[in-house]
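A.B. asks: My file is work.cif. It has mmCIF, C-alpha atoms:
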```
data_query
#
loop_
_atom_site.group_PDB
_atom_site.id
_atom_site.type_symbol
_atom_site.label_atom_id
_atom_site.label_comp_id
_atom_site.auth_asym_id
_atom_site.auth_seq_id
_atom_site.Cartn_x
_atom_site.Cartn_y
_atom_site.Cartn_z
ATOM 1 C CA MET B 757 0.000 0.000 0.000
ATOM 2 C CA LEU B 758 2.814 2.413 0.876
ATOM 3 C CA LYS B 759 4.525 1.685 -2.451
ATOM 4 C CA LYS B 760 1.325 2.515 -4.383
ATOM 5 C CA THR B 761 0.844 5.753 -2.457
ATOM 6 C CA LEU B 762 4.461 6.748 -3.034
ATOM 7 C CA LEU B 763 4.188 5.900 -6.735
ATOM 8 C CA ALA B 764 0.976 7.926 -7.064
ATOM 9 C CA ALA B 765 2.567 10.919 -5.310
ATOM 10 C CA THR B 766 5.636 10.703 -7.537
ATOM 11 C CA LEU B 767 3.527 10.566 -10.695
ATOM 12 C CA LEU B 768 1.405 13.490 -9.528
ATOM 13 C CA PHE B 769 4.519 15.575 -8.815
ATOM 14 C CA ALA B 770 6.018 14.682 -12.222
ATOM 15 C CA ALA B 771 2.793 15.603 -13.992
ATOM 16 C CA SER B 772 2.485 18.946 -12.209
ATOM 17 C CA SER B 773 6.102 19.890 -12.917
ATOM 18 C CA ALA B 774 5.634 19.043 -16.587
ATOM 19 C CA LEU B 775 2.699 21.459 -16.755
ATOM 20 C CA ALA B 776 4.682 24.636 -16.192
ATOM 21 C CA GLU B 777 2.919 27.751 -17.438
ATOM 22 C CA LEU B 778 5.051 29.339 -20.117
ATOM 23 C CA VAL B 779 5.077 33.136 -20.441
ATOM 24 C CA VAL B 780 6.933 35.480 -22.788
ATOM 25 C CA VAL B 781 8.788 38.295 -21.020
ATOM 26 C CA VAL B 782 10.347 41.626 -21.935
ATOM 27 C CA ASN B 783 12.005 44.448 -20.044
ATOM 28 C CA PRO B 784 9.460 46.458 -17.992
ATOM 29 C CA ALA B 785 10.427 49.606 -19.937
ATOM 30 C CA ASN B 786 9.516 47.939 -23.256
ATOM 31 C CA THR B 787 6.149 49.497 -24.183
ATOM 32 C CA ASN B 788 5.657 47.719 -27.516
ATOM 33 C CA ALA B 789 2.380 45.900 -28.065
ATOM 34 C CA LEU B 790 3.214 42.278 -28.815
ATOM 35 C CA ASP B 791 0.791 39.607 -29.943
ATOM 36 C CA SER B 792 1.474 35.925 -30.541
ATOM 37 C CA LYS B 793 2.104 36.460 -34.269
ATOM 38 C CA THR B 794 4.709 39.156 -33.575
ATOM 39 C CA VAL B 795 6.450 36.991 -30.963
ATOM 40 C CA GLN B 796 6.476 34.115 -33.444
ATOM 41 C CA ARG B 797 7.995 36.348 -36.153
ATOM 42 C CA ILE B 798 10.686 37.596 -33.739
ATOM 43 C CA PHE B 799 11.722 34.078 -32.700
ATOM 44 C CA LEU B 800 11.798 32.922 -36.342
ATOM 45 C CA GLY B 801 14.048 35.847 -37.293
ATOM 46 C CA LYS B 802 11.426 37.505 -39.502
ATOM 47 C CA ASP B 803 11.022 40.646 -37.364
ATOM 48 C CA LYS B 804 14.291 42.212 -36.316
ATOM 49 C CA LYS B 805 12.825 45.360 -34.749
ATOM 50 C CA PHE B 806 9.999 46.158 -32.379
ATOM 51 C CA ALA B 807 7.265 48.522 -33.591
ATOM 52 C CA ASP B 808 9.086 51.456 -31.920
ATOM 53 C CA GLY B 809 12.189 50.796 -34.057
ATOM 54 C CA ASN B 810 14.371 49.219 -31.342
ATOM 55 C CA GLU B 811 16.107 46.008 -32.311
ATOM 56 C CA THR B 812 14.834 42.653 -31.070
ATOM 57 C CA ILE B 813 17.105 40.127 -29.389
ATOM 58 C CA ALA B 814 15.329 36.804 -28.938
ATOM 59 C CA VAL B 815 16.652 34.470 -26.250
ATOM 60 C CA ASN B 816 15.859 30.750 -26.297
ATOM 61 C CA GLN B 817 16.350 28.248 -23.536
ATOM 62 C CA GLY B 818 18.446 25.140 -24.253
ATOM 63 C CA ALA B 819 17.187 22.874 -27.030
ATOM 64 C CA ASP B 820 16.973 19.906 -24.669
ATOM 65 C CA THR B 821 14.732 21.642 -22.104
ATOM 66 C CA GLN B 822 11.021 20.958 -21.742
ATOM 67 C CA ILE B 823 10.180 24.666 -21.696
ATOM 68 C CA ARG B 824 11.897 25.115 -25.072
ATOM 69 C CA GLN B 825 9.945 22.208 -26.545
ATOM 70 C CA ASP B 826 6.725 23.668 -25.110
ATOM 71 C CA PHE B 827 7.554 27.117 -26.541
ATOM 72 C CA ASP B 828 8.393 25.740 -29.987
ATOM 73 C CA GLN B 829 5.116 23.832 -30.102
ATOM 74 C CA ALA B 830 2.783 26.371 -28.465
ATOM 75 C CA VAL B 831 4.159 29.657 -29.822
ATOM 76 C CA LEU B 832 6.030 28.735 -32.994
ATOM 77 C CA GLY B 833 3.593 25.989 -33.969
ATOM 78 C CA ARG B 834 6.402 23.579 -34.802
ATOM 79 C CA SER B 835 8.232 20.739 -33.119
ATOM 80 C CA SER B 836 11.716 21.465 -31.818
ATOM 81 C CA SER B 837 13.213 19.366 -34.614
ATOM 82 C CA GLN B 838 11.280 21.422 -37.199
ATOM 83 C CA VAL B 839 12.533 24.659 -35.627
ATOM 84 C CA SER B 840 16.083 23.302 -35.668
ATOM 85 C CA ALA B 841 15.772 22.369 -39.345
ATOM 86 C CA TYR B 842 14.330 25.820 -40.121
ATOM 87 C CA TRP B 843 17.318 27.555 -38.509
ATOM 88 C CA SER B 844 19.829 25.155 -40.082
ATOM 89 C CA LYS B 845 18.528 26.126 -43.514
ATOM 90 C CA LEU B 846 18.722 29.860 -42.768
ATOM 91 C CA VAL B 847 22.221 29.586 -41.327
ATOM 92 C CA PHE B 848 23.415 27.469 -44.273
ATOM 93 C CA THR B 849 22.065 29.977 -46.810
ATOM 94 C CA GLY B 850 23.412 32.951 -44.835
ATOM 95 C CA LYS B 851 19.941 34.360 -44.272
ATOM 96 C CA GLY B 852 19.758 34.234 -40.505
ATOM 97 C CA ILE B 853 21.278 33.627 -37.109
ATOM 98 C CA PRO B 854 19.242 31.688 -34.530
ATOM 99 C CA PRO B 855 18.396 33.228 -31.165
ATOM 100 C CA LYS B 856 20.980 33.098 -28.404
ATOM 101 C CA GLU B 857 20.509 30.141 -26.049
ATOM 102 C CA VAL B 858 20.724 30.246 -22.271
ATOM 103 C CA ALA B 859 20.442 27.478 -19.693
ATOM 104 C CA ASN B 860 17.440 28.430 -17.564
ATOM 105 C CA ASP B 861 14.748 30.892 -16.478
ATOM 106 C CA ALA B 862 17.147 32.841 -14.244
ATOM 107 C CA GLU B 863 19.479 33.591 -17.156
ATOM 108 C CA VAL B 864 16.561 34.733 -19.345
ATOM 109 C CA ILE B 865 15.292 37.027 -16.583
ATOM 110 C CA ASP B 866 18.792 38.430 -16.039
ATOM 111 C CA LEU B 867 19.273 39.261 -19.738
ATOM 112 C CA VAL B 868 15.766 40.697 -20.176
ATOM 113 C CA SER B 869 16.076 42.865 -17.067
ATOM 114 C CA LYS B 870 19.321 44.411 -18.322
ATOM 115 C CA ASN B 871 18.380 45.093 -21.959
ATOM 116 C CA LEU B 872 15.295 46.746 -23.450
ATOM 117 C CA SER B 873 15.716 44.770 -26.687
ATOM 118 C CA VAL B 874 15.727 41.247 -25.217
ATOM 119 C CA ILE B 875 12.649 39.029 -25.367
ATOM 120 C CA GLY B 876 12.495 35.551 -23.884
ATOM 121 C CA TYR B 877 10.252 33.024 -22.180
ATOM 122 C CA VAL B 878 10.175 31.448 -18.741
ATOM 123 C CA ASP B 879 7.960 29.453 -16.420
ATOM 124 C CA LYS B 880 5.429 31.883 -14.935
ATOM 125 C CA ALA B 881 6.470 30.751 -11.440
ATOM 126 C CA SER B 882 9.949 32.221 -12.089
ATOM 127 C CA VAL B 883 8.759 35.718 -13.027
ATOM 128 C CA THR B 884 10.036 38.596 -10.896
ATOM 129 C CA ASP B 885 9.375 42.329 -11.044
ATOM 130 C CA ALA B 886 12.582 42.637 -13.110
ATOM 131 C CA VAL B 887 10.602 41.579 -16.205
ATOM 132 C CA LYS B 888 7.159 42.154 -17.718
ATOM 133 C CA ILE B 889 4.905 39.409 -19.045
ATOM 134 C CA VAL B 890 3.734 39.861 -22.624
ATOM 135 C CA GLU B 891 -0.018 39.345 -22.759
ATOM 136 C CA MET B 892 -0.695 37.352 -25.914
#
```
So, in terms of structure tokens, how does the structure I just supplied come out?
C.D. replies:
Amino acid sequence: MLKKTLLAATLLFAASSALAELVVVVNPANTNALDSKTVQRIFLGKDKKFADGNETIAVNQGADTQIRQDFDQAVLGRSSSQVSAYWSKLVFTGKGIPPKEVANDAEVIDLVSKNLSVIGYVDKASVTDAVKIVEM
């Protein structure tokens, strides 16, 4: 009985941690209106400037992270392998450079908080007042 209870608790914890709520974040001073299509275009290298003319610097989390896979699927509408193939083609043809990659939420928040041009994504539970959530 104890083993079943422990197994159930472990599975419940694993399921809840896999259901992190992903949010896109920018610097609090960034006043640009951003919708899901604009965020998608920024992370696919199609928009290089915000509406106010400031450059965009997209920051991805590591390709092997769950949050990156969730972002690719939910926001970009592609699997991580499709996104990787997309960027490989652009890099090979000299038409683009993929977003910078960082290891975790803390690094995204650090970069976003220090630069008006940076846009990234994190688990909502990691958000601090150093960044602003983009309502999409």
A.B. asks: Residues at most 9 Å from region 871-879 of chain B, counting all atoms listed in the file, excluding those fewer than 6 positions away in the same chain, as number ranges by chain?
C.D. replies: B: 776-786, 795, 798-799, 805-806, 810-817, 823-824, 827, 860-862, 864-865, 889
A.B. asks: Closest to Gly852 (chain B) among B:Asp808, B:Asp803, B:Asp826, B:Glu891, using all atoms listed in the file?
C.D. replies: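 The answer is B:Asp803, which sits nearest to Gly852 (chain B).
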A.B. asks: Between B:Val887, B:Ala789, B:Leu800, B:Ala819, which is the closest to Glu857 (chain B) once you count only C-alpha atoms?
C.D. replies: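 Nearest candidate to Glu857 (chain B) out of B:Val887, B:Ala789, B:Leu800, B:Ala819: B:Ala819.
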A.B. asks: Using all atoms listed in the file for the distances, tell me which of B:Ala886, B:Ser836, B:Ile853, B:Trp843 is nearest to Val868 (chain B).
C.D. replies: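 Selected residue with least distance to Val868 (chain B): B:Ala886.
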A.B. asks: Pick the closest to Lys851 (chain B) from B:Gly801, B:Ser869, B:Asp828, B:Gly833: which is it, counting only C-alpha atoms?
C.D. replies: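 Closest candidate: B:Gly801.
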A.B. asks: Please measure the separation of CA of Ser840 (chain B) and CA of Val890 (chain B), giving the value in Å to one decimal.
C.D. replies: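 Taking CA of Ser840 (chain B) and CA of Val890 (chain B), their separation equals 24.4 Å.
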A.B. asks: Between CA of Val831 (chain B) and CA of Gly818 (chain B), measure the distance and give it in Å to one decimal.
C.D. replies: 16.0 Å
A.B. asks: Between CA of Arg834 (chain B) and CA of Thr794 (chain B), what distance in Å does the model show, to one decimal?
C.D. replies: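 These two atoms are separated by 15.7 Å.
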A.B. asks: Please return the centre and edge lengths, in Å to one decimal, of a box with edges along x, y and z that contains all listed atoms of region 811-815 of chain B, widened by 8 Å on every side, as lines of an AutoDock Vina configuration file.
C.D. replies:
```
center_x = 16.0
center_y = 40.2
center_z = -29.3
size_x = 18.3
size_y = 27.5
size_z = 22.1
```
A.B. asks: Using only C-alpha atoms for the distances, tell me which of B:Met892, B:Lys804, B:Gly809, B:Ser792 is nearest to Pro855 (chain B).
C.D. replies: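 Using only C-alpha atoms, the shortest distance to Pro855 (chain B) belongs to B:Lys804.
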A.B. asks: Because the input lacks atoms here, generate N, CA, C and O atoms for region 783-800 of chain B and report them as a short mmCIF file (atom, residue, chain, number, x, y, z; two decimals), keeping the file's coordinate frame.
C.D. replies:
```cif
data_model
loop_
_atom_site.label_atom_id
_atom_site.label_comp_id
_atom_site.auth_asym_id
_atom_site.auth_seq_id
_atom_site.Cartn_x
_atom_site.Cartn_y
_atom_site.Cartn_z
N ASN B 783 11.60 43.47 -21.04
CA ASN B 783 12.00 44.45 -20.04
C ASN B 783 10.79 45.30 -19.67
O ASN B 783 9.99 45.65 -20.54
N PRO B 784 10.62 45.65 -18.40
CA PRO B 784 9.46 46.46 -17.99
C PRO B 784 9.35 47.80 -18.73
O PRO B 784 8.25 48.33 -18.89
N ALA B 785 10.45 48.33 -19.21
CA ALA B 785 10.43 49.61 -19.94
C ALA B 785 10.03 49.44 -21.41
O ALA B 785 9.82 50.42 -22.11
N ASN B 786 9.91 48.20 -21.87
CA ASN B 786 9.52 47.94 -23.26
C ASN B 786 8.00 48.13 -23.36
O ASN B 786 7.23 47.38 -22.78
N THR B 787 7.58 49.15 -24.09
CA THR B 787 6.15 49.50 -24.18
C THR B 787 5.50 49.00 -25.47
O THR B 787 4.35 49.34 -25.75
N ASN B 788 6.21 48.21 -26.26
CA ASN B 788 5.66 47.72 -27.52
C ASN B 788 4.51 46.75 -27.27
O ASN B 788 4.57 45.92 -26.37
N ALA B 789 3.49 46.86 -28.11
CA ALA B 789 2.38 45.90 -28.06
C ALA B 789 2.83 44.66 -28.83
O ALA B 789 3.27 44.76 -29.98
N LEU B 790 2.76 43.51 -28.19
CA LEU B 790 3.21 42.28 -28.82
C LEU B 790 2.10 41.24 -28.76
O LEU B 790 1.59 40.96 -27.69
N ASP B 791 1.76 40.70 -29.91
CA ASP B 791 0.79 39.61 -29.94
C ASP B 791 1.53 38.32 -30.29
O ASP B 791 2.74 38.32 -30.54
N SER B 792 0.82 37.21 -30.31
CA SER B 792 1.47 35.92 -30.54
C SER B 792 2.13 35.86 -31.92
O SER B 792 3.20 35.27 -32.07
N LYS B 793 1.53 36.48 -32.92
CA LYS B 793 2.10 36.46 -34.27
C LYS B 793 3.44 37.22 -34.31
O LYS B 793 4.40 36.79 -34.92
N THR B 794 3.47 38.37 -33.63
CA THR B 794 4.71 39.16 -33.58
C THR B 794 5.81 38.40 -32.84
O THR B 794 6.96 38.36 -33.29
N VAL B 795 5.47 37.78 -31.72
CA VAL B 795 6.45 36.99 -30.96
C VAL B 795 6.97 35.85 -31.84
O VAL B 795 8.18 35.60 -31.90
N GLN B 796 6.08 35.19 -32.54
CA GLN B 796 6.48 34.12 -33.44
C GLN B 796 7.45 34.63 -34.51
O GLN B 796 8.50 34.04 -34.75
N ARG B 797 7.13 35.77 -35.11
CA ARG B 797 8.00 36.35 -36.15
C ARG B 797 9.37 36.74 -35.59
O ARG B 797 10.38 36.56 -36.25
N ILE B 798 9.40 37.23 -34.36
CA ILE B 798 10.69 37.60 -33.74
C ILE B 798 11.54 36.35 -33.53
O ILE B 798 12.72 36.33 -33.89
N PHE B 799 10.95 35.29 -32.99
CA PHE B 799 11.72 34.08 -32.70
C PHE B 799 12.07 33.28 -33.95
O PHE B 799 12.93 32.40 -33.90
N LEU B 800 11.44 33.57 -35.07
CA LEU B 800 11.80 32.92 -36.34
C LEU B 800 12.70 33.83 -37.19
O LEU B 800 13.00 33.52 -38.33
#
```
